[in-house]
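Undergrad: You'll find final-v2.cif just under this line, and it carries mmCIF, C-alpha atoms and all ligand atoms.
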data_entry
#
loop_
_atom_site.label_atom_id
_atom_site.label_comp_id
_atom_site.auth_asym_id
_atom_site.auth_seq_id
_atom_site.Cartn_x
_atom_site.Cartn_y
_atom_site.Cartn_z
CA MET A 1030 41.74 129.16 68.76
CA LYS A 1031 42.43 125.46 69.23
CA LYS A 1032 42.00 124.34 72.82
CA THR A 1033 44.94 122.65 74.50
CA LYS A 1034 43.98 119.43 76.24
CA LEU A 1035 45.13 119.48 79.85
CA GLY A 1036 45.79 116.54 82.14
CA VAL A 1037 45.71 117.62 85.79
CA LEU A 1038 47.42 115.31 88.28
CA ILE A 1039 46.50 115.60 91.94
CA SER A 1040 46.93 113.79 95.24
CA GLY A 1041 44.65 115.73 97.56
CA ARG A 1042 42.44 118.77 98.05
CA GLY A 1043 42.52 120.05 94.48
CA SER A 1044 42.09 123.78 95.05
CA ASN A 1045 44.53 124.55 92.22
CA LEU A 1046 42.57 122.16 90.03
CA GLN A 1047 39.45 124.16 90.84
CA ALA A 1048 41.21 127.42 89.94
CA ILE A 1049 42.35 125.94 86.62
CA ALA A 1050 38.84 124.64 85.92
CA ALA A 1051 37.37 128.08 86.64
CA ALA A 1052 39.81 129.70 84.20
CA VAL A 1053 38.96 127.10 81.55
CA GLN A 1054 35.25 127.63 82.17
CA SER A 1055 35.47 131.40 81.85
CA GLY A 1056 37.53 131.13 78.66
CA THR A 1057 40.53 132.85 80.27
CA ILE A 1058 42.80 130.05 79.10
CA PRO A 1059 42.44 128.39 75.67
CA ALA A 1060 42.27 124.90 77.11
CA GLU A 1061 40.03 122.12 78.29
CA ILE A 1062 40.60 119.62 81.07
CA ALA A 1063 40.73 116.26 79.30
CA LEU A 1064 41.51 114.21 82.41
CA VAL A 1065 42.02 114.57 86.16
CA LEU A 1066 44.14 111.72 87.50
CA SER A 1067 44.95 111.01 91.13
CA ASN A 1068 47.36 108.52 92.64
CA ARG A 1069 45.18 108.63 95.77
CA PRO A 1070 41.64 107.39 95.12
CA GLN A 1071 40.30 109.29 98.17
CA ALA A 1072 41.63 112.67 96.99
CA PRO A 1073 38.82 115.21 97.53
CA GLY A 1074 39.76 116.91 94.24
CA LEU A 1075 38.91 113.75 92.33
CA ALA A 1076 35.36 113.64 93.68
CA TRP A 1077 35.00 117.35 92.99
CA ALA A 1078 36.07 116.89 89.36
CA ALA A 1079 33.72 113.96 88.85
CA GLY A 1080 30.90 116.11 90.22
CA GLN A 1081 31.73 118.73 87.59
CA GLY A 1082 31.44 116.17 84.81
CA ILE A 1083 35.20 116.16 84.18
CA ALA A 1084 36.75 112.82 83.19
CA THR A 1085 38.61 111.32 86.15
CA CYS A 1086 40.91 108.41 86.81
CA ALA A 1087 41.94 106.98 90.18
CA LEU A 1088 45.15 105.03 89.88
CA PRO A 1089 46.55 103.99 93.27
CA SER A 1090 50.34 104.26 93.36
CA ALA A 1091 50.99 102.62 96.73
CA GLY A 1092 53.47 99.78 96.42
CA ARG A 1093 54.05 100.20 92.70
CA GLU A 1094 57.39 100.61 90.99
CA ARG A 1095 57.85 104.18 89.70
CA ALA A 1096 58.54 103.69 85.99
CA GLU A 1097 55.98 100.92 85.68
CA TYR A 1098 53.35 103.08 87.38
CA ASP A 1099 54.23 106.06 85.20
CA ARG A 1100 53.82 103.96 82.06
CA GLU A 1101 50.22 103.41 83.04
CA VAL A 1102 49.71 107.11 83.87
CA VAL A 1103 51.15 108.16 80.52
CA GLY A 1104 48.93 105.61 78.80
CA LYS A 1105 45.85 107.17 80.45
CA LEU A 1106 46.97 110.70 79.55
CA ARG A 1107 47.63 109.74 75.92
CA ALA A 1108 44.33 107.91 75.64
CA ALA A 1109 42.60 111.11 76.77
CA GLY A 1110 44.57 113.13 74.19
CA VAL A 1111 46.40 115.16 76.85
CA GLU A 1112 48.90 117.64 75.41
CA LEU A 1113 49.96 119.54 78.54
CA VAL A 1114 50.34 117.97 81.99
CA CYS A 1115 49.71 120.11 85.09
CA LEU A 1116 50.88 118.77 88.44
CA ALA A 1117 48.67 120.32 91.10
CA GLY A 1118 49.54 118.96 94.51
CA TYR A 1119 50.68 115.67 92.95
CA MET A 1120 52.89 114.14 95.60
CA ARG A 1121 55.11 111.99 93.42
CA LEU A 1122 58.40 112.36 91.60
CA LEU A 1123 58.15 111.61 87.89
CA SER A 1124 60.25 108.94 86.20
CA GLY A 1125 62.46 109.63 83.20
CA TYR A 1126 59.93 107.72 81.16
CA PHE A 1127 57.19 110.23 82.07
CA LEU A 1128 59.45 113.23 81.39
CA GLN A 1129 60.40 111.87 77.98
CA ALA A 1130 56.78 111.19 77.10
CA TYR A 1131 55.90 114.89 77.57
CA PRO A 1132 59.14 116.83 76.95
CA GLY A 1133 58.75 120.46 78.01
CA ARG A 1134 55.03 119.84 78.49
CA ILE A 1135 54.79 119.24 82.24
CA LEU A 1136 54.17 122.07 84.71
CA ASN A 1137 54.21 122.15 88.50
CA ILE A 1138 53.26 124.68 91.15
CA HIS A 1139 55.27 124.97 94.34
CA PRO A 1140 54.45 127.14 97.39
CA SER A 1141 57.76 129.00 97.72
CA LEU A 1142 60.01 131.29 95.74
CA LEU A 1143 62.23 128.62 94.22
CA PRO A 1144 65.06 127.81 94.43
CA ALA A 1145 64.38 128.53 98.11
CA PHE A 1146 62.57 125.81 100.05
CA PRO A 1147 62.00 122.96 97.59
CA GLY A 1148 60.37 119.75 98.72
CA LEU A 1149 57.82 119.20 101.45
CA ASP A 1150 56.46 121.74 103.96
CA ALA A 1151 57.66 124.78 102.03
CA ALA A 1152 55.68 127.24 104.18
CA GLN A 1153 57.10 125.73 107.39
CA GLN A 1154 60.59 125.97 105.90
CA ALA A 1155 60.03 129.66 105.12
CA VAL A 1156 58.73 130.43 108.63
CA ASP A 1157 61.57 128.51 110.27
CA TYR A 1158 64.21 130.25 108.14
CA GLY A 1159 62.78 133.66 108.94
CA VAL A 1160 62.48 135.05 105.42
CA LYS A 1161 60.36 138.19 105.11
CA PHE A 1162 58.95 137.24 101.73
CA SER A 1163 57.96 133.94 100.25
CA GLY A 1164 55.48 133.13 97.50
CA CYS A 1165 54.81 130.59 94.80
CA THR A 1166 56.42 129.36 91.60
CA VAL A 1167 55.12 127.68 88.45
CA HIS A 1168 57.90 125.84 86.66
CA PHE A 1169 58.56 123.27 83.99
CA VAL A 1170 59.23 119.87 85.48
CA ASP A 1171 62.58 118.23 84.90
CA GLU A 1172 64.43 115.40 86.65
CA THR A 1173 65.25 117.56 89.70
CA LEU A 1174 63.02 118.12 92.72
CA ASP A 1175 61.22 121.46 92.14
CA GLY A 1176 64.25 122.59 90.09
CA GLY A 1177 63.00 123.05 86.52
CA PRO A 1178 62.89 126.32 84.53
CA ILE A 1179 60.74 128.97 86.20
CA ILE A 1180 57.74 130.32 84.24
CA LEU A 1181 56.13 132.68 86.77
CA GLN A 1182 56.48 133.63 90.42
CA ALA A 1183 54.39 135.67 92.85
CA VAL A 1184 55.73 137.26 96.02
CA VAL A 1185 53.88 137.03 99.33
CA PRO A 1186 54.97 138.75 102.57
CA VAL A 1187 55.69 136.69 105.65
CA LEU A 1188 54.11 138.46 108.64
CA SER A 1189 55.56 138.35 112.14
CA GLY A 1190 52.63 136.38 113.56
CA ASP A 1191 52.63 133.80 110.77
CA ASP A 1192 52.77 130.09 111.30
CA ALA A 1193 53.00 127.61 108.43
CA ASP A 1194 49.21 127.46 108.08
CA THR A 1195 48.56 131.21 107.87
CA LEU A 1196 51.45 131.68 105.45
CA ALA A 1197 50.37 128.74 103.28
CA ALA A 1198 46.83 130.14 103.12
CA ARG A 1199 48.14 133.56 101.98
CA ILE A 1200 50.33 131.90 99.36
CA LEU A 1201 47.46 129.72 98.13
CA VAL A 1202 45.44 132.79 97.13
CA GLU A 1203 48.28 133.74 94.78
CA GLU A 1204 48.71 130.18 93.52
CA HIS A 1205 45.16 130.22 92.26
CA LYS A 1206 45.93 133.24 90.06
CA LEU A 1207 49.44 132.22 89.04
CA TYR A 1208 48.79 128.70 87.79
CA PRO A 1209 46.04 129.59 85.28
CA GLU A 1210 48.19 132.47 84.02
CA ALA A 1211 51.20 130.18 83.48
CA ILE A 1212 49.02 127.64 81.68
CA ARG A 1213 47.68 130.44 79.49
CA LEU A 1214 51.23 131.43 78.50
CA VAL A 1215 52.42 127.88 77.79
CA ALA A 1216 49.25 126.73 76.04
CA GLY A 1217 49.27 129.88 73.93
CA GLY A 1218 52.92 129.35 72.88
CA ALA A 1219 53.90 132.65 74.51
CA VAL A 1220 57.08 131.35 76.14
CA ARG A 1221 60.19 129.50 75.01
CA LEU A 1222 63.26 128.13 76.73
CA ASP A 1223 66.64 129.84 76.47
CA GLY A 1224 68.90 127.51 78.44
CA ARG A 1225 67.08 127.32 81.74
CA ARG A 1226 65.51 130.74 81.33
CA VAL A 1227 61.90 130.95 80.25
CA VAL A 1228 61.47 133.94 77.97
CA ARG A 1229 58.34 135.52 76.56
CA THR A 1230 57.80 135.35 72.84
CA ALA A 1231 54.48 137.14 72.80
C1 LIG A 1301 49.70 123.63 96.81
O1 LIG A 1301 50.19 124.42 97.86
C2 LIG A 1301 50.74 123.44 95.77
O2 LIG A 1301 51.58 124.55 95.60
C3 LIG A 1301 51.52 122.28 96.29
O3 LIG A 1301 50.57 121.44 96.87
C4 LIG A 1301 49.44 122.20 97.26
C5 LIG A 1301 48.26 121.61 96.58
O4 LIG A 1301 47.05 122.20 97.00
N1 LIG A 1301 52.29 121.67 95.23
P1 LIG A 1301 45.70 121.86 96.24
O5 LIG A 1301 45.54 120.36 96.24
O6 LIG A 1301 45.82 122.42 94.85
O7 LIG A 1301 44.63 122.54 97.02
#
How would this structure read if it were set down as structure tokens?

TA:
Amino acid sequence: MKKTKLGVLISGRGSNLQAIAAAVQSGTIPAEIALVLSNRPQAPGLAWAAGQGIATCALPSAGRERAEYDREVVGKLRAAGVELVCLAGYMRLLSGYFLQAYPGRILNIHPSLLPAFPGLDAAQQAVDYGVKFSGCTVHFVDETLDGGPIILQAVVPVLSGDDADTLAARILVEEHKLYPEAIRLVAGGAVRLDGRRVVRTA
């Protein structure tokens, strides 16, 4: 089976990147990581990827205009032959230019059961609201903030003693399973869009 070339965009730690890399390595997903790009040169995930022999690119975004910056990002992704873009803790909104360059080919993971608690500090939002269950969501990226069509979700209980950190850590364990599985479905052509619903085709 032909391997889908992934571009993984990060801003920090990169634990989801590591989970994706492990799934690629084990052959669980028919893909290869063609490029890891970070808008923050000091992102620990970038150093980790370089240490694994994965192609990396540090492209500082501070002070740059969004569409102009995204043009450069897309140029790097295309030069690496990237076919599917995976946002993994990438702390930037994408421009229309970026979305049009990879229509229906950009995924994101978010640490809540969307549409609840989009945006920053999702675990804190869940604790503050008092929900009994939260979780994580992998979705296609569109022009809205964490609002694109949902591919997969996993449910995680919120325990009475939880603070944002303990809840986020419990959610992260599920993220590391969910993201590779969603990539496997999309890369394998096993899902299609019906309006904003993502339906299985295989
Ligand atoms: C994850 O919680 C992810 O859901 C969110 O940002 C965090 C990134 O963590 N979008 P890591 O860099 O993958 O460890």

Undergrad: Considering all atoms listed in the file, give me a table of residues in region 1104-1136 of chain A that are at most 10 Å from region 1190-1212 of chain A, with the closest atom pair and distance in Å for each, as JSON lines.

TA:
{"residue": "A:Leu1113", "atom": "CA", "partner": "A:Ile1212", "partner_atom": "CA", "distance": 8.7}
{"residue": "A:Val1114", "atom": "CA", "partner": "A:Ile1212", "partner_atom": "CA", "distance": 9.8}
{"residue": "A:Cys1115", "atom": "CA", "partner": "A:Ile1212", "partner_atom": "CA", "distance": 8.3}
{"residue": "A:Ala1117", "atom": "CA", "partner": "A:Tyr1208", "partner_atom": "CA", "distance": 9.0}
{"residue": "A:Leu1136", "atom": "CA", "partner": "A:Ile1212", "partner_atom": "CA", "distance": 8.2}

Undergrad: Go through A:Ala1048, A:Arg1069, A:Glu1172, A:Ala1084 one by one, measure the shortest atom-to-atom distance of each to Gly1110 (chain A) using only C-alpha atoms, and give the residue with the smallest value.

TA: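 For Gly1110 (chain A), the nearest of the candidates is A:Ala1084.
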
Undergrad: Could you tell me how far CA of Ile1179 (chain A) sits from CA of Glu1112 (chain A), in Å to one decimal place?

TA: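 Atom-to-atom, CA of Glu1112 (chain A) to CA of Ile1179 (chain A), that is 19.6 Å.
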
Undergrad: Nearest to ligand LIG 1301 (chain A) among A:Lys1031, A:His1168, A:Lys1161, A:Arg1095, with distances taken over all atoms listed in the file: which residue is it?

TA: A:His1168

Undergrad: Hey, which residues come within 6 Å of ligand LIG 1301 (chain A) if we count all atoms listed in the file? Could you give them as a PyMOL selection string?

TA: chain A and resi 1041-1046+1117-1118+1138-1140+1201

Undergrad: Could you check how far CA of Arg1221 (chain A) sits from CA of Gly1148 (chain A), in Å to one decimal?

TA: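 Going from CA of Arg1221 (chain A) over to CA of Gly1148 (chain A) covers 25.6 Å.
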
Undergrad: Can you tell me which residues surround Tyr1131 (chain A) at a distance of at most 10 Å, considering all atoms listed in the file, apart from same-chain residues fewer than 4 positions away, and format the answer as a ChimeraX atom specification?

TA: /A:1103,1107,1111-1114,1126-1127,1135,1170

Undergrad: What is the CA of Gln1071 (chain A) to CA of Ser1040 (chain A) distance in Å?

TA: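 Distance between the two atoms: 8.5 Å.
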
Undergrad: Under the rule that all atoms listed in the file are counted, which of A:Leu1149, A:Leu1222, A:Met1120, A:Val1227 is the nearest residue to Leu1181 (chain A)?

TA: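 Smallest distance to Leu1181 (chain A) is found for A:Val1227.
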
Undergrad: Can you tell me, as a list in words, which residues sit within 10 Å of (66.5, 125.9, 98.2) in the file's frame, using all atoms listed in the file?

TA: Ser1141, Leu1142, Leu1143, Pro1144, Ala1145, Phe1146, Pro1147, Gly1148, Ala1151, Gln1154, Asp1175 and Gly1176 of chain A

Undergrad: Neighbouring residues of Glu1101 (chain A) were defined as those with any atom within 12 Å, considering all atoms listed in the file; residues of the same chain fewer than 3 positions away were excluded. Please report them as a list in words.

TA: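 Within the cut-off, the hits are Leu1066, Asn1068, Cys1086, Ala1087, Leu1088, Pro1089, Ser1090, Arg1093, Glu1094, Arg1095, Ala1096, Glu1097, Tyr1098, Gly1104, Lys1105, Leu1106, Arg1107, Ala1108, Ser1124, Tyr1126, Phe1127 and Ala1130 of chain A.
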
Undergrad: Tell me which of A:Leu1122, A:Ile1049, A:Ile1058, A:Val1156 sits closest to Ala1078 (chain A), counting all atoms listed in the file.

TA: A:Ile1049

Undergrad: For each of A:Ala1063, A:Leu1116, A:Ala1051, A:Ala1091, take the minimum atom-to-atom distance to Ile1039 (chain A), counting only C-alpha atoms, then give the residue where this is smallest.

TA: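 Comparing A:Ala1063, A:Leu1116, A:Ala1051, A:Ala1091 against Ile1039 (chain A), the winner is A:Leu1116.
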
Undergrad: Output as a CSV table (one decimal), in the coordinates of the input: region 1149-1168 of chain A, completed with N, CA, C and O atoms.

TA:
chain,number,residue,atom,x,y,z
A,1149,LEU,N,59.0,119.2,100.6
A,1149,LEU,CA,57.8,119.2,101.4
A,1149,LEU,C,57.8,120.4,102.4
A,1149,LEU,O,58.9,120.9,102.7
A,1150,ASP,N,56.6,120.8,102.9
A,1150,ASP,CA,56.5,121.7,104.0
A,1150,ASP,C,57.2,123.1,103.7
A,1150,ASP,O,57.9,123.6,104.5
A,1151,ALA,N,56.9,123.6,102.5
A,1151,ALA,CA,57.7,124.8,102.0
A,1151,ALA,C,57.3,126.0,102.9
A,1151,ALA,O,58.2,126.8,103.2
A,1152,ALA,N,56.1,126.1,103.3
A,1152,ALA,CA,55.7,127.2,104.2
A,1152,ALA,C,56.4,127.1,105.6
A,1152,ALA,O,56.8,128.1,106.1
A,1153,GLN,N,56.4,125.9,106.1
A,1153,GLN,CA,57.1,125.7,107.4
A,1153,GLN,C,58.6,126.1,107.2
A,1153,GLN,O,59.2,126.7,108.1
A,1154,GLN,N,59.2,125.7,106.1
A,1154,GLN,CA,60.6,126.0,105.9
A,1154,GLN,C,60.8,127.5,105.9
A,1154,GLN,O,61.8,128.0,106.4
A,1155,ALA,N,59.9,128.2,105.2
A,1155,ALA,CA,60.0,129.7,105.1
A,1155,ALA,C,59.9,130.3,106.5
A,1155,ALA,O,60.7,131.2,106.8
A,1156,VAL,N,58.9,129.9,107.3
A,1156,VAL,CA,58.7,130.4,108.6
A,1156,VAL,C,60.0,130.1,109.5
A,1156,VAL,O,60.5,131.0,110.2
A,1157,ASP,N,60.4,128.9,109.4
A,1157,ASP,CA,61.6,128.5,110.3
A,1157,ASP,C,62.8,129.3,109.9
A,1157,ASP,O,63.6,129.6,110.8
A,1158,TYR,N,63.0,129.5,108.6
A,1158,TYR,CA,64.2,130.2,108.1
A,1158,TYR,C,64.2,131.7,108.5
A,1158,TYR,O,65.2,132.4,108.7
A,1159,GLY,N,62.9,132.3,108.6
A,1159,GLY,CA,62.8,133.7,108.9
A,1159,GLY,C,62.8,134.6,107.8
A,1159,GLY,O,63.1,135.8,108.0
A,1160,VAL,N,62.5,134.1,106.6
A,1160,VAL,CA,62.5,135.0,105.4
A,1160,VAL,C,61.3,136.0,105.6
A,1160,VAL,O,60.3,135.7,106.3
A,1161,LYS,N,61.4,137.2,105.0
A,1161,LYS,CA,60.4,138.2,105.1
A,1161,LYS,C,59.4,138.1,103.9
A,1161,LYS,O,58.3,138.7,104.0
A,1162,PHE,N,59.8,137.4,102.9
A,1162,PHE,CA,59.0,137.2,101.7
A,1162,PHE,C,59.1,135.8,101.3
A,1162,PHE,O,60.2,135.2,101.2
A,1163,SER,N,57.9,135.2,100.9
A,1163,SER,CA,58.0,133.9,100.2
A,1163,SER,C,57.0,134.1,99.1
A,1163,SER,O,56.9,135.2,98.5
A,1164,GLY,N,56.4,133.0,98.6
A,1164,GLY,CA,55.5,133.1,97.5
A,1164,GLY,C,55.2,131.8,96.8
A,1164,GLY,O,55.2,130.8,97.5
A,1165,CYS,N,55.0,131.8,95.5
A,1165,CYS,CA,54.8,130.6,94.8
A,1165,CYS,C,55.5,130.7,93.4
A,1165,CYS,O,55.7,131.8,92.9
A,1166,THR,N,55.7,129.5,92.9
A,1166,THR,CA,56.4,129.4,91.6
A,1166,THR,C,55.7,128.3,90.7
A,1166,THR,O,55.4,127.3,91.2
A,1167,VAL,N,55.5,128.7,89.4
A,1167,VAL,CA,55.1,127.7,88.4
A,1167,VAL,C,56.3,127.4,87.6
A,1167,VAL,O,56.9,128.4,87.1
A,1168,HIS,N,56.7,126.2,87.4
A,1168,HIS,CA,57.9,125.8,86.7
A,1168,HIS,C,57.7,124.6,85.8
A,1168,HIS,O,56.8,123.8,86.0
